[in-house]
Amino acid sequence: MLYVDVRTAAFDHAELTQRLPVDHAVGAVANFIGYVRNHGDAAHVTGLSLEHYPNMTEQILTQHCQHALQRWSLSGVVLIHRVGTLLLGEPIVGVAVASAHRQAAFDAVQYLMDFLKHDAPFWKKEILPTGEQVWVEQKQTDQAALQRWHNP
């Protein structure tokens with residue numbers, strides 16, 4: 001089971017987990033929600049603006065989720081990512097997975113988040129208190145985190 005959604009509307013923990021399969025083969029559910037925080041590359045941030053290419057973004061996210069499903073034998077993957085203007089405290093991204101075992105669930109969520117931080121086709125600007133918007137640069141630490149998944 002796979003669910004990928006790129007949208008402007010907010011979501012919550014309940015929506016993530018309710019979309020996962022519920023059966024007696026599932027022994028673990030792991031999830032992650034990332035929120036807009038008050039700092040980033042800039043010391044003071046009041047929000048984020050995220051852009052993407054519709055359809056292409058969903059295709060690429062779906063491919064990575066399918067890879068996670070196969071690599072860790074997951075029962076389900078849910079990935080929700082928001083675009084548009086987001087304010088402090090709003091959810092940006094949510095990933096939830098269901099599997100027979102906890103380590104597979106933990107690893108799959110970490111893999112998907114590492115992919116999202118480095119290779120997902122989103123472009124992000126931080127909104128400063130002045131209203132100015134500044135592009136967020138890709139970080140070397142995100143590249144390093146992604147490298148660990150290239151070995152089977």
# chains A, B, ... in the order shown; residues from 1 in each chain; ligands from 1
call {"tool": "residues_around", "arguments": {"residues": "segment 109-113 of chain A", "least_positions_apart": "6", "cutoff": "10 Å", "atoms": "only C-alpha atoms", "output": "JSON, numbers by chain"}}
result
{"A": [29, 30, 31, 32, 33, 34, 61, 64, 65, 67, 68, 77, 78, 79, 93, 94, 95, 96, 97, 98, 103, 119, 120, 142, 145, 146, 148, 149]}
call {"tool": "write_last_selection", "arguments": {"atoms": "C-alpha atoms", "output": "PDB file, in the first residue's frame"}}
result
ATOM      1  CA  VAL A  29       4.487   1.696  12.745  1.00  0.00           C
ATOM      2  CA  ALA A  30       7.058   4.497  12.630  1.00  0.00           C
ATOM      3  CA  ASN A  31       6.437   8.052  11.564  1.00  0.00           C
ATOM      4  CA  PHE A  32       7.987  11.480  11.348  1.00  0.00           C
ATOM      5  CA  ILE A  33       6.478  14.939  10.989  1.00  0.00           C
ATOM      6  CA  GLY A  34       8.644  17.946  10.192  1.00  0.00           C
ATOM      7  CA  LEU A  61       8.354  10.680  -4.495  1.00  0.00           C
ATOM      8  CA  HIS A  64      11.401   6.420  -3.723  1.00  0.00           C
ATOM      9  CA  CYS A  65       8.470   5.151  -1.663  1.00  0.00           C
ATOM     10  CA  HIS A  67      11.925   1.477  -3.388  1.00  0.00           C
ATOM     11  CA  ALA A  68      11.429   1.652   0.391  1.00  0.00           C
ATOM     12  CA  VAL A  77       4.065   3.874   3.169  1.00  0.00           C
ATOM     13  CA  VAL A  78       2.370   7.255   3.533  1.00  0.00           C
ATOM     14  CA  LEU A  79       4.199  10.421   2.462  1.00  0.00           C
ATOM     15  CA  VAL A  93       6.288  16.836   5.697  1.00  0.00           C
ATOM     16  CA  GLY A  94       4.966  13.605   7.136  1.00  0.00           C
ATOM     17  CA  VAL A  95       6.143  10.042   6.580  1.00  0.00           C
ATOM     18  CA  ALA A  96       4.613   6.929   8.120  1.00  0.00           C
ATOM     19  CA  VAL A  97       5.433   3.288   7.437  1.00  0.00           C
ATOM     20  CA  ALA A  98       4.047  -0.037   8.604  1.00  0.00           C
ATOM     21  CA  GLN A 103      13.989  -1.774  12.616  1.00  0.00           C
ATOM     22  CA  ASP A 119      17.038  14.780  -3.673  1.00  0.00           C
ATOM     23  CA  ALA A 120      13.342  15.623  -3.662  1.00  0.00           C
ATOM     24  CA  ASP A 142      22.171  16.131   3.993  1.00  0.00           C
ATOM     25  CA  ALA A 145      23.212  11.314   5.384  1.00  0.00           C
ATOM     26  CA  LEU A 146      21.949  10.125   2.008  1.00  0.00           C
ATOM     27  CA  ARG A 148      24.678   5.615   3.768  1.00  0.00           C
ATOM     28  CA  TRP A 149      21.687   4.280   1.805  1.00  0.00           C
TER      29      TRP A 149
END
call {"tool": "select_by_dssp", "arguments": {"residues": "segment 37-107 of chain A", "states": "strand (DSSP E)", "output": "PyMOL selection string"}}
result
chain A and resi 47-52+76-82+84-87+91-99
call {"tool": "closest_residue", "arguments": {"among": "A:Thr17, A:Gln66, A:Gln138, A:Ser73", "to": "Lys124 of chain A", "atoms": "only C-alpha atoms"}}
result
A:Gln138
call {"tool": "select_by_dssp", "arguments": {"residues": "segment 26-144 of chain A", "states": "helix (DSSP H, G or I)", "output": "ChimeraX atom specification"}}
result
/A:56-71,102-118,140-144
call {"tool": "residues_around", "arguments": {"residues": "Ala43 of chain A", "least_positions_apart": "5", "cutoff": "12 Å", "atoms": "only C-alpha atoms", "output": "list in words"}}
result
Arg37, Asn38, Glu126, Ile127, Leu128 and Pro129 of chain A
call {"tool": "atom_distance", "arguments": {"atom1": "atom CA of Gln63 of chain A", "atom2": "atom CA of Ala105 of chain A"}}
result
17.8 Å
call {"tool": "atom_distance", "arguments": {"atom1": "atom CA of Ser99 of chain A", "atom2": "atom CA of Gly27 of chain A"}}
result
6.1 Å
call {"tool": "atom_distance", "arguments": {"atom1": "atom CA of Leu87 of chain A", "atom2": "atom CA of Ser49 of chain A"}}
result
8.9 Å
call {"tool": "closest_residue", "arguments": {"among": "A:Ala14, A:Val36, A:Ala28, A:Leu116", "to": "Thr62 of chain A", "atoms": "only C-alpha atoms"}}
result
A:Leu116
call {"tool": "closest_residue", "arguments": {"among": "A:Asp107, A:Glu51, A:Asp114, A:Glu132", "to": "Arg7 of chain A", "atoms": "only C-alpha atoms"}}
result
A:Glu51
